[in-house]
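Note sheet for the following structure.
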Amino acid sequence: MNEQTGEGRIRLVLLDDQALFRTSLGRLLASQPGLEVVRECSNSAEALEVLRGSAVDVVLVDFDHATEGRDGFMPAARRNGYRGRFLVVAGAADVSDSAMAIRLGASGVFLKTEPPERLVQAITFVANGAAWLDQRVIRLLAAQPVDGSLSVDGQGSASSLTDRDKKVLLGVLEGFTNRRIGDGLGISEGSVKASVQHLFQKAGVRTRSRLVRAALEGSLGTAGGRLRPPRSATAGEAPSSGDAPHST
């Protein structure tokens with residue numbers, strides 16, 4: 001959980017070099033109850049200086065700044081001691097670009113085409129330790145046939161995923177609980193839990209967020225076909241109040 005300050009508000013820094021977008025976004029977020037905009041920054045150096053001197057829960061960072069590489073903004077902020085979260089704001093859905101942002105430290109990728117209320121939801125999810133994965137990125141990911149193995153840093157098993165594993169994995173990407181995944185697939189919650197643990201073992205991870213990261217990095221497998229959503233999943237659907245986001 002984030003340590004919200006200022007009477008429980010989530011404290012934000014905005015990093016975007018487009019002044020009109022940055023200012024408009026800042027005004028929008030400042031008007032939302034529970035959010036506080038600490039600073040609007042036009043460059044990485046300015047944002048790093050703010051993070052050194054202020055308590056900040058989430059940095060909303062433009063995609064270009066977020067993907068500057070190992071010597072870019074997000075790794076530099078970590079080296080300087082920042083322990084909050086990064087939410088990347090991107091102009092388009094792209095699996096490889098999203099994977100790059102996640103690898104460099106982002107907790108999620110939000111598309112600029114989404115409505116404001118979804119952005120507030122994404123900020124809240126990220127601030128409280130969840131991973132935000134845009135539904136369009138999930139659909140692109142699900143449509144990609146890959147090599148049939150699930151491996152992270154060479155540690156995972158090279159064996160192919162079962163059909164049930166593939167369907168449970170997509171439910172995890174959607175942010176659904178084990179119960180909801182089971183309802184959608186017509187299997188028990190215990191069976192879903194067993195599949196999730198199987199996926200963890202194959203990927204060499206211990207949390208759903210790490211599993212999402214493995215999926216984005218292209219290290220999950222769907223040999224013999226593509227991932228198909230559980231029956232309860234609908235395109236563009238946000239997790240309901242009964243669904244746990246990807247916890248870290």
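Identifiers in the structure tokens: chain A, B, ... in order shown; residue index from 1 per chain; ligand index from 1 in order shown.
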
Give me the residues near Pro33 in chain A as a short mmCIF file (atom, residue, chain, number, x, y, z; two decimals) with C-alpha atoms, in the first residue's frame, where near means some atom within 12 Å (using only C-alpha atoms) and where sequence neighbours in that chain fewer than 3 positions away do not count.
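Resulting contents of part-v6.cif:
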```cif
data_model
loop_
_atom_site.label_atom_id
_atom_site.label_comp_id
_atom_site.auth_asym_id
_atom_site.auth_seq_id
_atom_site.Cartn_x
_atom_site.Cartn_y
_atom_site.Cartn_z
CA GLY A 6 -1.81 15.20 2.79
CA GLU A 7 -4.91 13.85 4.54
CA GLY A 8 -4.91 10.57 2.62
CA ARG A 9 -4.45 12.05 -0.81
CA ILE A 10 -2.36 10.39 -3.51
CA ARG A 11 0.47 12.78 -4.34
CA LEU A 28 -8.06 17.71 -14.28
CA LEU A 29 -6.28 15.62 -11.66
CA ALA A 30 -6.06 18.47 -9.14
CA GLU A 36 -2.87 16.12 -5.19
CA VAL A 37 -0.60 17.34 -7.97
CA GLU A 117 -12.36 8.41 -14.85
CA VAL A 120 -8.18 8.11 -11.83
CA THR A 124 -5.48 4.48 -7.55
#
```

Name all residues at most 8 Å from Val126 in chain A (count only C-alpha atoms; drop same-chain ones fewer than 5 positions away) and give them as an mmCIF file with C-alpha atoms, in the first residue's frame.
```cif
data_model
loop_
_atom_site.group_PDB
_atom_site.id
_atom_site.type_symbol
_atom_site.label_atom_id
_atom_site.label_comp_id
_atom_site.auth_asym_id
_atom_site.auth_seq_id
_atom_site.Cartn_x
_atom_site.Cartn_y
_atom_site.Cartn_z
ATOM 1 C CA VAL A 58 2.913 8.169 -8.303
ATOM 2 C CA ARG A 85 5.247 4.133 -8.523
ATOM 3 C CA PHE A 86 5.415 5.052 -12.190
ATOM 4 C CA LEU A 87 2.380 5.093 -14.487
ATOM 5 C CA SER A 107 3.725 -0.286 -12.781
ATOM 6 C CA GLY A 108 1.385 0.210 -15.696
ATOM 7 C CA ALA A 131 -0.387 -3.300 -11.957
ATOM 8 C CA TRP A 132 -2.466 -1.471 -14.579
#
```

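Restricting the calculation to only C-alpha atoms, the smallest distance between Ala130 in chain A and any of A:Val56, A:Val205, A:Val212, A:Val192 is found for A:Val212.
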
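For the pair CA of Asp57 in chain A and CA of Ile138 in chain A, the interatomic distance is 25.6 Å.
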
- [ ] Determine which residues of range 2-185 of chain A DSSP labels as strand (DSSP E) from the backbone of this structure, then write them out as a PyMOL selection string.
- [x] chain A and resi 10-15+35-41+58-62+85-90+108-111+130-133
